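> For reference, this is target_37.cif, and it has mmCIF, C-alpha atoms and all ligand atoms.
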```cif
data_coords
#
loop_
_atom_site.label_atom_id
_atom_site.label_comp_id
_atom_site.auth_asym_id
_atom_site.auth_seq_id
_atom_site.Cartn_x
_atom_site.Cartn_y
_atom_site.Cartn_z
CA MET A 1490 3.29 6.53 -4.33
CA TYR A 1491 3.32 8.12 -0.88
CA ARG A 1492 0.27 7.56 1.30
CA ILE A 1493 -1.28 10.22 3.52
CA LEU A 1494 -1.62 8.42 6.85
CA LYS A 1495 -3.13 11.30 8.80
CA LYS A 1496 -4.53 14.71 8.02
CA ARG A 1497 -5.39 17.40 10.55
CA GLN A 1498 -6.95 20.70 9.57
CA LEU A 1499 -5.14 23.42 11.56
CA THR A 1500 -6.91 26.50 10.17
CA PRO A 1501 -9.42 26.85 7.32
CA VAL A 1502 -6.48 27.16 4.89
CA THR A 1503 -3.73 25.15 6.59
CA ALA A 1504 -3.49 21.39 7.09
CA LEU A 1505 -1.00 18.99 8.61
CA TYR A 1506 -0.27 15.75 6.76
CA VAL A 1507 1.60 12.70 8.04
CA ILE A 1508 3.09 10.95 5.02
CA ASP A 1509 4.37 7.39 4.78
CA ALA A 1510 7.88 8.07 3.45
CA PRO A 1511 10.42 5.80 5.24
CA LEU A 1512 13.46 6.72 3.16
CA VAL A 1513 12.96 10.45 3.72
CA ALA A 1514 12.20 9.93 7.43
CA ARG A 1515 15.39 7.91 7.93
CA THR A 1516 17.77 10.64 6.69
CA ALA A 1517 15.90 13.90 7.40
CA ARG A 1518 17.57 16.62 9.46
CA PRO A 1519 16.15 19.87 10.90
CA GLY A 1520 15.84 22.65 8.35
CA GLN A 1521 15.45 20.38 5.32
CA PHE A 1522 12.52 20.17 2.95
CA VAL A 1523 10.88 17.89 0.37
CA ILE A 1524 9.60 18.55 -3.13
CA LEU A 1525 6.27 16.85 -3.73
CA ARG A 1526 3.95 16.34 -6.65
CA VAL A 1527 0.30 15.69 -5.87
CA ASP A 1528 -0.20 13.71 -9.06
CA GLU A 1529 1.67 12.65 -12.20
CA GLY A 1530 2.20 15.70 -14.38
CA GLY A 1531 1.48 18.07 -11.49
CA GLU A 1532 3.73 20.91 -10.37
CA ARG A 1533 6.56 20.20 -7.97
CA ILE A 1534 6.22 22.23 -4.78
CA PRO A 1535 8.78 22.58 -1.98
CA VAL A 1536 7.53 22.02 1.57
CA THR A 1537 9.50 22.12 4.84
CA ILE A 1538 9.81 18.95 6.92
CA THR A 1539 7.90 19.89 10.08
CA ASP A 1540 8.61 16.61 11.86
CA PHE A 1541 9.92 13.13 11.09
CA ASP A 1542 9.92 9.75 12.79
CA PRO A 1543 12.63 7.39 11.46
CA GLU A 1544 11.14 4.40 13.28
CA ALA A 1545 7.58 4.87 12.09
CA GLY A 1546 8.90 5.91 8.65
CA THR A 1547 6.74 9.03 8.61
CA VAL A 1548 7.29 12.65 7.67
CA THR A 1549 4.98 15.46 8.78
CA ILE A 1550 4.36 18.53 6.64
CA VAL A 1551 2.13 21.57 7.12
CA VAL A 1552 0.79 23.18 3.98
CA GLN A 1553 -0.99 26.46 3.50
CA GLN A 1554 -3.26 26.92 0.47
CA VAL A 1555 -1.98 29.70 -1.78
CA GLY A 1556 -2.26 28.63 -5.41
CA LYS A 1557 -3.42 25.82 -7.68
CA THR A 1558 -1.25 22.98 -6.36
CA THR A 1559 -1.74 23.69 -2.67
CA HIS A 1560 -5.53 24.00 -3.20
CA TRP A 1561 -5.46 20.66 -5.03
CA LEU A 1562 -3.46 19.07 -2.22
CA ALA A 1563 -6.02 20.37 0.28
CA GLN A 1564 -8.64 18.19 -1.39
CA HIS A 1565 -6.65 15.08 -0.47
CA GLY A 1566 -7.15 13.23 2.77
CA GLU A 1567 -6.20 10.13 4.73
CA GLY A 1568 -5.65 7.12 2.48
CA ASP A 1569 -4.99 9.24 -0.62
CA THR A 1570 -1.54 9.16 -2.20
CA LEU A 1571 0.97 11.68 -3.52
CA ALA A 1572 2.84 10.91 -6.74
CA ASP A 1573 6.26 12.14 -5.52
CA PHE A 1574 7.80 13.04 -2.21
CA ALA A 1575 11.47 13.70 -2.97
CA GLY A 1576 13.89 14.45 -0.16
CA PRO A 1577 15.31 15.27 2.21
CA LEU A 1578 16.59 18.28 0.25
CA GLY A 1579 18.68 21.27 1.23
CA THR A 1580 21.49 21.66 3.71
CA PRO A 1581 20.54 20.90 7.32
CA VAL A 1582 20.76 24.09 9.33
CA ALA A 1583 23.84 24.48 11.58
CA LEU A 1584 22.68 24.67 15.19
CA PRO A 1585 24.63 25.84 18.27
CA ASP A 1586 25.53 23.75 21.32
CA ARG A 1587 25.05 26.60 23.78
CA GLY A 1588 23.48 30.02 24.17
CA ARG A 1589 20.02 31.56 23.91
CA VAL A 1590 18.15 31.15 20.63
CA ALA A 1591 14.94 32.80 19.42
CA LEU A 1592 12.96 30.86 16.80
CA VAL A 1593 10.62 33.28 15.06
CA GLY A 1594 7.75 31.80 13.05
CA GLY A 1595 4.84 33.13 11.04
CA GLY A 1596 2.40 31.47 8.64
CA PHE A 1597 3.54 27.91 7.84
CA GLY A 1598 6.83 28.86 9.56
CA ALA A 1599 5.10 28.62 12.94
CA ALA A 1600 4.99 24.85 12.30
CA ALA A 1601 8.26 24.63 10.39
CA ILE A 1602 10.27 25.65 13.49
CA LEU A 1603 9.25 22.39 15.21
CA THR A 1604 12.10 20.16 13.92
CA ILE A 1605 14.64 22.82 14.92
CA ALA A 1606 13.06 23.30 18.35
CA LYS A 1607 13.12 19.51 18.92
CA GLU A 1608 16.79 19.26 17.96
CA LEU A 1609 17.76 22.22 20.19
CA ALA A 1610 15.80 20.70 23.09
CA LYS A 1611 18.36 17.84 23.12
CA ARG A 1612 21.16 20.33 23.84
CA PRO A 1613 21.19 21.09 27.59
CA GLU A 1614 23.18 24.31 27.25
CA VAL A 1615 20.81 25.89 24.77
CA THR A 1616 17.80 27.96 25.88
CA VAL A 1617 15.10 28.35 23.24
CA ASP A 1618 12.29 30.88 22.96
CA ALA A 1619 9.67 30.45 20.24
CA ILE A 1620 8.16 33.75 19.11
CA VAL A 1621 5.22 32.84 16.92
CA GLY A 1622 2.80 35.18 15.24
CA ALA A 1623 -0.60 35.10 13.57
CA ARG A 1624 -3.40 37.53 12.79
CA THR A 1625 -5.63 36.06 15.52
CA ALA A 1626 -5.49 33.29 18.16
CA SER A 1627 -7.35 30.68 16.05
CA LEU A 1628 -4.66 30.96 13.34
CA LEU A 1629 -1.76 30.10 15.67
CA ILE A 1630 -0.71 26.61 14.59
CA LEU A 1631 1.03 23.76 16.46
CA SER A 1632 1.27 25.87 19.64
CA ASP A 1633 1.06 22.81 21.90
CA GLU A 1634 3.68 20.82 19.98
CA VAL A 1635 6.18 23.68 19.77
CA GLY A 1636 5.34 24.86 23.31
CA ALA A 1637 6.16 21.41 24.68
CA VAL A 1638 9.78 21.47 23.49
CA VAL A 1639 10.90 25.08 23.97
CA ASP A 1640 11.79 26.91 27.19
CA ARG A 1641 9.35 29.75 26.53
CA PHE A 1642 6.53 29.82 23.99
CA LEU A 1643 5.70 33.44 23.21
CA PRO A 1644 2.67 33.88 20.95
CA CYS A 1645 1.84 37.20 19.27
CA THR A 1646 -1.41 38.17 17.59
CA ASP A 1647 -2.19 41.21 15.48
CA ASP A 1648 -5.54 41.63 17.28
CA GLY A 1649 -4.25 40.86 20.79
CA SER A 1650 -6.49 37.78 21.15
CA ARG A 1651 -3.55 35.73 22.51
CA GLY A 1652 -0.17 36.69 23.90
CA TYR A 1653 1.67 39.83 22.84
CA HIS A 1654 -0.55 42.33 21.00
CA GLY A 1655 1.34 43.10 17.80
CA LEU A 1656 3.87 41.73 15.35
CA VAL A 1657 6.63 39.20 16.08
CA THR A 1658 9.20 41.93 15.50
CA GLY A 1659 7.76 44.05 18.34
CA LEU A 1660 8.04 41.17 20.79
CA LEU A 1661 11.48 40.21 19.47
CA GLU A 1662 12.69 43.76 20.10
CA GLN A 1663 11.27 43.62 23.64
CA GLU A 1664 12.88 40.23 24.37
CA ILE A 1665 16.25 41.31 22.97
CA ALA A 1666 16.18 44.13 25.53
CA ALA A 1667 14.96 41.83 28.32
CA VAL A 1668 16.95 38.61 27.86
CA GLY A 1669 19.18 39.03 24.77
CA TYR A 1670 19.83 36.36 22.14
CA ASP A 1671 22.94 34.74 20.70
CA LEU A 1672 21.10 33.60 17.58
CA VAL A 1673 17.78 34.33 15.89
CA MET A 1674 16.24 32.02 13.27
CA ALA A 1675 13.23 33.14 11.24
CA ILE A 1676 10.86 31.10 9.10
CA GLY A 1677 7.80 32.73 7.56
CA PRO A 1678 6.63 35.24 4.99
CA MET A 1679 9.44 37.13 3.26
CA PRO A 1680 8.42 40.58 4.69
CA MET A 1681 8.46 39.09 8.19
CA MET A 1682 11.95 37.58 7.77
CA ARG A 1683 13.22 40.83 6.30
CA ALA A 1684 11.80 42.79 9.27
CA VAL A 1685 13.38 40.33 11.73
CA ALA A 1686 16.75 40.90 10.05
CA GLU A 1687 16.36 44.66 10.48
CA VAL A 1688 15.53 44.24 14.19
CA THR A 1689 18.58 42.09 14.93
CA ARG A 1690 21.06 43.93 12.66
CA PRO A 1691 21.77 46.91 14.97
CA HIS A 1692 22.30 44.49 17.88
CA GLY A 1693 24.76 42.39 15.84
CA ILE A 1694 22.82 39.19 16.60
CA PRO A 1695 23.57 36.45 14.03
CA THR A 1696 20.29 35.77 12.20
CA TYR A 1697 19.25 33.04 9.78
CA ALA A 1698 16.25 33.23 7.46
CA SER A 1699 14.74 30.30 5.57
CA MET A 1700 14.48 31.43 1.96
CA ASP A 1701 11.51 30.23 -0.06
CA PRO A 1702 12.16 31.32 -3.63
CA ILE A 1703 10.46 29.62 -6.57
CA MET A 1704 12.01 26.18 -7.08
CA LEU A 1705 11.91 23.73 -9.97
CA ASP A 1706 14.35 20.82 -9.92
CA GLY A 1707 15.66 21.16 -6.36
CA THR A 1708 19.11 19.94 -7.46
CA GLY A 1709 21.03 23.18 -8.03
CA MET A 1710 20.87 22.71 -11.83
CA CYS A 1711 18.08 24.99 -13.08
CA GLY A 1712 18.90 28.23 -11.24
CA ALA A 1713 15.24 29.03 -10.46
CA CYS A 1714 15.90 29.36 -6.71
CA ARG A 1715 18.84 31.77 -7.09
CA VAL A 1716 19.24 34.12 -4.12
CA ARG A 1717 21.91 36.81 -3.73
CA VAL A 1718 23.60 36.51 -0.37
CA GLY A 1719 26.48 38.84 0.45
CA GLY A 1720 26.71 39.76 -3.26
CA GLN A 1721 27.09 36.12 -4.34
CA ASN A 1722 24.64 33.86 -6.14
CA ARG A 1723 23.50 30.97 -3.96
CA PHE A 1724 20.91 28.30 -4.69
CA ALA A 1725 18.35 27.91 -1.93
CA CYS A 1726 17.65 24.28 -2.83
CA VAL A 1727 21.20 23.06 -2.23
CA ASP A 1728 23.07 25.84 -0.38
CA GLY A 1729 20.00 26.73 1.74
CA PRO A 1730 17.24 27.18 2.52
CA PHE A 1731 18.80 28.93 5.57
CA PHE A 1732 21.05 31.90 4.89
CA ASP A 1733 22.53 34.79 6.85
CA ALA A 1734 19.53 37.14 6.91
CA HIS A 1735 21.75 40.24 7.16
CA GLN A 1736 23.38 39.33 3.84
CA VAL A 1737 20.28 38.32 1.82
CA ASP A 1738 19.14 40.65 -0.99
CA PHE A 1739 15.47 40.64 0.01
CA ASP A 1740 14.51 43.11 -2.76
CA GLU A 1741 15.68 40.70 -5.44
CA VAL A 1742 14.20 37.54 -3.96
CA THR A 1743 10.84 39.31 -3.49
CA ARG A 1744 10.93 40.53 -7.11
CA ARG A 1745 11.80 37.07 -8.43
CA ASN A 1746 9.01 35.43 -6.40
CA LYS A 1747 6.49 37.68 -8.16
CA MET A 1748 7.75 36.80 -11.67
CA TYR A 1749 4.95 34.35 -12.46
CA ARG A 1750 2.19 35.96 -10.41
CA HIS A 1751 -0.05 36.51 -13.46
CA GLU A 1752 0.32 32.89 -14.64
CA GLU A 1753 -0.20 31.61 -11.07
CA ARG A 1754 -3.41 33.61 -10.75
CA LEU A 1755 -4.69 32.29 -14.09
CA ALA A 1756 -3.82 28.70 -13.10
CA LEU A 1757 -5.77 29.06 -9.85
CA GLU A 1758 -8.77 30.65 -11.63
CA ARG A 1759 -8.80 27.84 -14.23
CA TRP A 1760 -8.53 25.25 -11.49
CA HIS A 1761 -11.49 26.77 -9.60
CA GLN A 1762 -13.52 26.88 -12.84
CA HIS A 1763 -12.67 23.23 -13.52
CA GLN A 1764 -13.73 22.30 -9.97
CA GLY A 1765 -17.01 24.16 -10.54
CA SER A 1766 -17.71 22.37 -13.80
CA CYS A 1767 -16.85 18.97 -12.25
CA ALA A 1768 -19.24 19.73 -9.39
CA THR A 1769 -21.96 20.67 -11.88
CA VAL A 1770 -21.40 17.49 -13.89
CA GLY A 1771 -21.29 15.42 -10.71
C1 LIG B 1 12.25 25.58 0.88
C2 LIG B 1 10.77 25.91 0.90
C3 LIG B 1 10.00 25.43 1.93
C4 LIG B 1 8.63 25.70 1.96
N1 LIG B 1 7.91 25.19 2.99
C5 LIG B 1 6.57 25.36 3.00
C6 LIG B 1 5.78 24.76 4.02
O1 LIG B 1 6.27 24.09 4.92
N2 LIG B 1 4.44 24.96 3.97
C7 LIG B 1 3.84 25.72 2.99
O2 LIG B 1 2.62 25.86 3.01
N3 LIG B 1 4.57 26.29 2.02
C8 LIG B 1 5.91 26.13 1.99
N4 LIG B 1 6.66 26.70 0.98
C9 LIG B 1 5.97 27.52 -0.03
C10 LIG B 1 5.28 26.60 -1.03
O3 LIG B 1 6.24 25.88 -1.75
C11 LIG B 1 4.43 27.44 -2.01
O4 LIG B 1 3.38 28.04 -1.28
C12 LIG B 1 3.86 26.58 -3.10
O5 LIG B 1 4.89 26.22 -3.97
C13 LIG B 1 2.80 27.32 -3.86
O6 LIG B 1 2.33 26.45 -4.89
P1 LIG B 1 0.90 26.68 -5.53
O7 LIG B 1 0.85 25.97 -6.84
O8 LIG B 1 -0.19 26.37 -4.57
O9 LIG B 1 0.85 28.22 -5.75
P2 LIG B 1 1.42 29.06 -6.99
O10 LIG B 1 0.36 29.18 -8.02
O11 LIG B 1 2.75 28.54 -7.41
O12 LIG B 1 1.64 30.45 -6.26
C14 LIG B 1 0.58 31.13 -5.65
C15 LIG B 1 1.14 32.25 -4.80
O13 LIG B 1 2.16 31.76 -3.90
C16 LIG B 1 3.39 32.45 -4.09
N5 LIG B 1 4.43 31.43 -4.13
C17 LIG B 1 4.69 30.54 -5.10
N6 LIG B 1 5.73 29.78 -4.82
C18 LIG B 1 6.16 30.20 -3.63
C19 LIG B 1 7.22 29.83 -2.80
N7 LIG B 1 8.07 28.86 -3.15
N8 LIG B 1 7.33 30.46 -1.62
C20 LIG B 1 6.49 31.46 -1.26
N9 LIG B 1 5.47 31.87 -2.01
C21 LIG B 1 5.32 31.25 -3.17
C22 LIG B 1 3.30 33.13 -5.43
O14 LIG B 1 4.03 34.32 -5.42
C23 LIG B 1 1.83 33.35 -5.60
O15 LIG B 1 1.43 34.57 -5.03
C24 LIG B 1 8.03 26.47 0.93
C25 LIG B 1 8.81 26.96 -0.11
C26 LIG B 1 10.17 26.68 -0.13
C27 LIG B 1 11.02 27.16 -1.27
S1 LIG B 2 15.45 24.71 -7.77
FE1 LIG B 2 16.70 24.49 -9.49
S2 LIG B 2 18.59 25.25 -8.82
FE2 LIG B 2 17.37 25.27 -7.05
#
```
Could you rewrite the structure in this file as structure tokens?
Ligand SMILES: Cc1cc2nc3c(=O)[nH]c(=O)nc-3n(C[C@H](O)[C@H](O)[C@H](O)COP(=O)(O)OP(=O)(O)OC[C@H]3O[C@@H](n4cnc5c(N)ncnc54)[C@H](O)[C@@H]3O)c2cc1C
Ligand code: FES

Amino acid sequence: MYRILKKRQLTPVTALYVIDAPLVARTARPGQFVILRVDEGGERIPVTITDFDPEAGTVTIVVQQVGKTTHWLAQHGEGDTLADFAGPLGTPVALPDRGRVALVGGGFGAAAILTIAKELAKRPEVTVDAIVGARTASLLILSDEVGAVVDRFLPCTDDGSRGYHGLVTGLLEQEIAAVGYDLVMAIGPMPMMRAVAEVTRPHGIPTYASMDPIMLDGTGMCGACRVRVGGQNRFACVDGPFFDAHQVDFDEVTRRNKMYRHEERLALERWHQHQGSCATVG
């Protein structure tokens, strides 16, 4: 069992959890993830390691509520336990020793860039800009934590309530013209990562995207997380999650992610109904 030591609500649908998981904390590297189960018999969901502290034995994750399991997790708080917290999984992302890097984050990716930003901050010849987007200022998450470790923190909001008025891709385009980048790394919704790849492609800037296909076993055995990269089948759970964004077949990964949409919607509806009936009984 893995205890939730701290929980912090970041937005109405996003929470940060600090989990007591010493073995994961000891070996975690930036870019890796865990697969957790909230309870015995529950679904296994992949979640990026947002931060880790080998000495305290803790791992921080940030989870956005989308379907049944993430809604169920949201009902857990400090002192509650998770049944499984398997990791670290995936291949740690290869990071440069010099140059100018843009970390582009959206949704839970705005938090997930933190481990990478912290690692790059240890490299004196690397300059890091964080370009982080949200619909409105109150939905920008972990701004202070990410802002503290990067050279420039550049927020973007769709409504202009903080920072650049518009999408991360608009600001990225502007910053490519102004300062230029040697590497761009994107973590966030699939359409955002795809758009980032199209912005950097004509400039020939190497670009990584963190793929989040449906995953099951997380061991490279089941094939659920298959992604086509440069015409080859790769498994995001072992070969990724970071891949060359210019080589990823975004059409296919988007199609595959929608495969179980009907079942996922039914599962969430049933879960809400069950919650309602429990509340009535209670
Ligand atoms: C390597 C990796 C790292 C991830 N890191 C994080 C993270 O740090 N924080 C976070 O909140 N989420 C993260 N995700 C996404 C998270 O795993 C899914 O949101 C979660 O599995 C949904 O489970 P659910 O039962 O709540 O929803 P489901 O009922 O399974 O799905 C509900 C909706 O979410 C979509 N969805 C389902 N699975 C995924 C998926 N794997 N990726 C994207 N959309 C999905 C479905 O298309 C559907 O529309 C990550 C995914 C991967 C593969
Ligand atoms: S999740 Fe099964 S092969 Fe990747």
> Could you list, with a cut-off of 8 Å and counting all atoms listed in the file, the residues of chain A near ligand LIG 2 (chain B), each shown with its nearest atom pair and the distance in Å rounded to one decimal, rows sorted by chain and ascending number, as a tab-separated table?

```
residue	atom	partner	partner_atom	distance
A:Ile1703	CA	B:LIG2	S1	7.1
A:Met1704	CA	B:LIG2	S1	3.8
A:Leu1705	CA	B:LIG2	S1	4.3
A:Asp1706	CA	B:LIG2	FE1	4.4
A:Gly1707	CA	B:LIG2	S1	3.8
A:Thr1708	CA	B:LIG2	S2	5.5
A:Gly1709	CA	B:LIG2	S2	3.3
A:Met1710	CA	B:LIG2	S2	4.6
A:Cys1711	CA	B:LIG2	FE1	3.9
A:Gly1712	CA	B:LIG2	S2	3.9
A:Ala1713	CA	B:LIG2	FE1	4.9
A:Cys1714	CA	B:LIG2	FE2	4.4
A:Arg1715	CA	B:LIG2	FE2	6.7
A:Phe1724	CA	B:LIG2	FE2	5.2
A:Ala1725	CA	B:LIG2	FE2	5.8
A:Cys1726	CA	B:LIG2	FE2	4.3
A:Val1727	CA	B:LIG2	FE2	6.5
```
> Check the smallest atom-to-atom distance from each of A:Ala1623, A:Ala1591, A:Ile1602, A:Ala1517 to Pro1577 of chain A using all atoms listed in the file, then report the winner.
A:Ala1517
> Excluding Arg1641 of chain A and its own-chain neighbours fewer than 4 positions away, which residues fall within 12 Å of it when counting only C-alpha atoms? Please give them as a list of chain:residue names.
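That gives A:Arg1589, A:Val1590, A:Ala1591, A:Leu1592, A:Ala1606, A:Ala1610, A:Thr1616, A:Val1617, A:Asp1618, A:Ala1619, A:Ile1620, A:Val1621, A:Ser1632, A:Asp1633, A:Val1635, A:Gly1636, A:Ala1637, A:Glu1664, A:Val1668.
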> Create the file for the chosen residues now, containing C-alpha atoms and written as a PDB file, keeping the file's coordinate frame.

```
ATOM      1  CA  ARG A1589      20.020  31.560  23.910  1.00  0.00           C
ATOM      2  CA  VAL A1590      18.150  31.150  20.630  1.00  0.00           C
ATOM      3  CA  ALA A1591      14.940  32.800  19.420  1.00  0.00           C
ATOM      4  CA  LEU A1592      12.960  30.860  16.800  1.00  0.00           C
ATOM      5  CA  ALA A1606      13.060  23.300  18.350  1.00  0.00           C
ATOM      6  CA  ALA A1610      15.800  20.700  23.090  1.00  0.00           C
ATOM      7  CA  THR A1616      17.800  27.960  25.880  1.00  0.00           C
ATOM      8  CA  VAL A1617      15.100  28.350  23.240  1.00  0.00           C
ATOM      9  CA  ASP A1618      12.290  30.880  22.960  1.00  0.00           C
ATOM     10  CA  ALA A1619       9.670  30.450  20.240  1.00  0.00           C
ATOM     11  CA  ILE A1620       8.160  33.750  19.110  1.00  0.00           C
ATOM     12  CA  VAL A1621       5.220  32.840  16.920  1.00  0.00           C
ATOM     13  CA  SER A1632       1.270  25.870  19.640  1.00  0.00           C
ATOM     14  CA  ASP A1633       1.060  22.810  21.900  1.00  0.00           C
ATOM     15  CA  VAL A1635       6.180  23.680  19.770  1.00  0.00           C
ATOM     16  CA  GLY A1636       5.340  24.860  23.310  1.00  0.00           C
ATOM     17  CA  ALA A1637       6.160  21.410  24.680  1.00  0.00           C
ATOM     18  CA  GLU A1664      12.880  40.230  24.370  1.00  0.00           C
ATOM     19  CA  VAL A1668      16.950  38.610  27.860  1.00  0.00           C
TER      20      VAL A1668
END
```
> Taking only C-alpha atoms and all ligand atoms into account, produce a table as a tab-separated table in which each residue of chain A with an atom at most 7 Å from an atom of ligand LIG 1 (chain B) appears once, together with its shortest atom pair and the distance in Å to one decimal, ordered by chain and rising number.

```
residue	atom	partner	partner_atom	distance
A:Phe1522	CA	B:LIG1	C1	5.8
A:Glu1532	CA	B:LIG1	O7	6.8
A:Ile1534	CA	B:LIG1	O5	4.3
A:Pro1535	CA	B:LIG1	O3	4.2
A:Val1536	CA	B:LIG1	N1	3.5
A:Thr1537	CA	B:LIG1	O1	3.8
A:Ile1538	CA	B:LIG1	O1	6.6
A:Thr1539	CA	B:LIG1	O1	6.8
A:Ile1550	CA	B:LIG1	O1	6.1
A:Val1551	CA	B:LIG1	N2	5.2
A:Val1552	CA	B:LIG1	O2	3.4
A:Gln1553	CA	B:LIG1	O2	3.7
A:Gln1554	CA	B:LIG1	O8	5.9
A:Val1555	CA	B:LIG1	O8	4.7
A:Gly1556	CA	B:LIG1	O9	3.2
A:Lys1557	CA	B:LIG1	O7	4.4
A:Thr1558	CA	B:LIG1	O7	3.7
A:Thr1559	CA	B:LIG1	O8	3.6
A:His1560	CA	B:LIG1	O8	6.0
A:Phe1597	CA	B:LIG1	N2	4.9
A:Gly1598	CA	B:LIG1	O1	6.7
A:Ala1601	CA	B:LIG1	O1	5.8
A:Met1700	CA	B:LIG1	C1	6.4
A:Asp1701	CA	B:LIG1	C27	3.3
A:Pro1702	CA	B:LIG1	N7	4.8
A:Ile1703	CA	B:LIG1	N7	4.2
A:Met1704	CA	B:LIG1	C27	6.0
A:Cys1726	CA	B:LIG1	C1	6.7
A:Pro1730	CA	B:LIG1	C1	5.5
A:Asn1746	CA	B:LIG1	O14	5.2
A:Lys1747	CA	B:LIG1	O14	5.0
A:Arg1750	CA	B:LIG1	C23	5.5
A:Glu1753	CA	B:LIG1	O10	3.9
A:Arg1754	CA	B:LIG1	O10	6.4
A:Ala1756	CA	B:LIG1	O10	6.6
A:Leu1757	CA	B:LIG1	O10	6.4
```
> In terms of the shortest atom-to-atom distance over all atoms listed in the file, which of A:Ala1684, A:Ala1626, A:Thr1516, A:Asp1586 is closest to Thr1658 of chain A?
A:Ala1684
> Suppose you want the space between atom CA of Glu1567 of chain A and atom CA of Lys1496 of chain A; what is it in Å?
5.9 Å
> In the coordinates of the file, take the point (20.4, 37.1, -2.3) and a cut-off of 8 Å; then, counting all atoms listed in the file, name each qualifying protein, DNA or RNA residue as number ranges by chain.
A: 1715-1723, 1736-1739, 1741-1742
> Within 8 Å of (23.6, 31.3, 9.4) (coordinates as in the file), grab all the protein and nucleic acid residues, counting all atoms listed in the file, and write them out as a list in words.
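Those residues lying close to the given coordinates are Val1582, Ala1583, Pro1695, Thr1696, Tyr1697, Ala1698, Phe1731, Phe1732, Asp1733 and Ala1734 of chain A.
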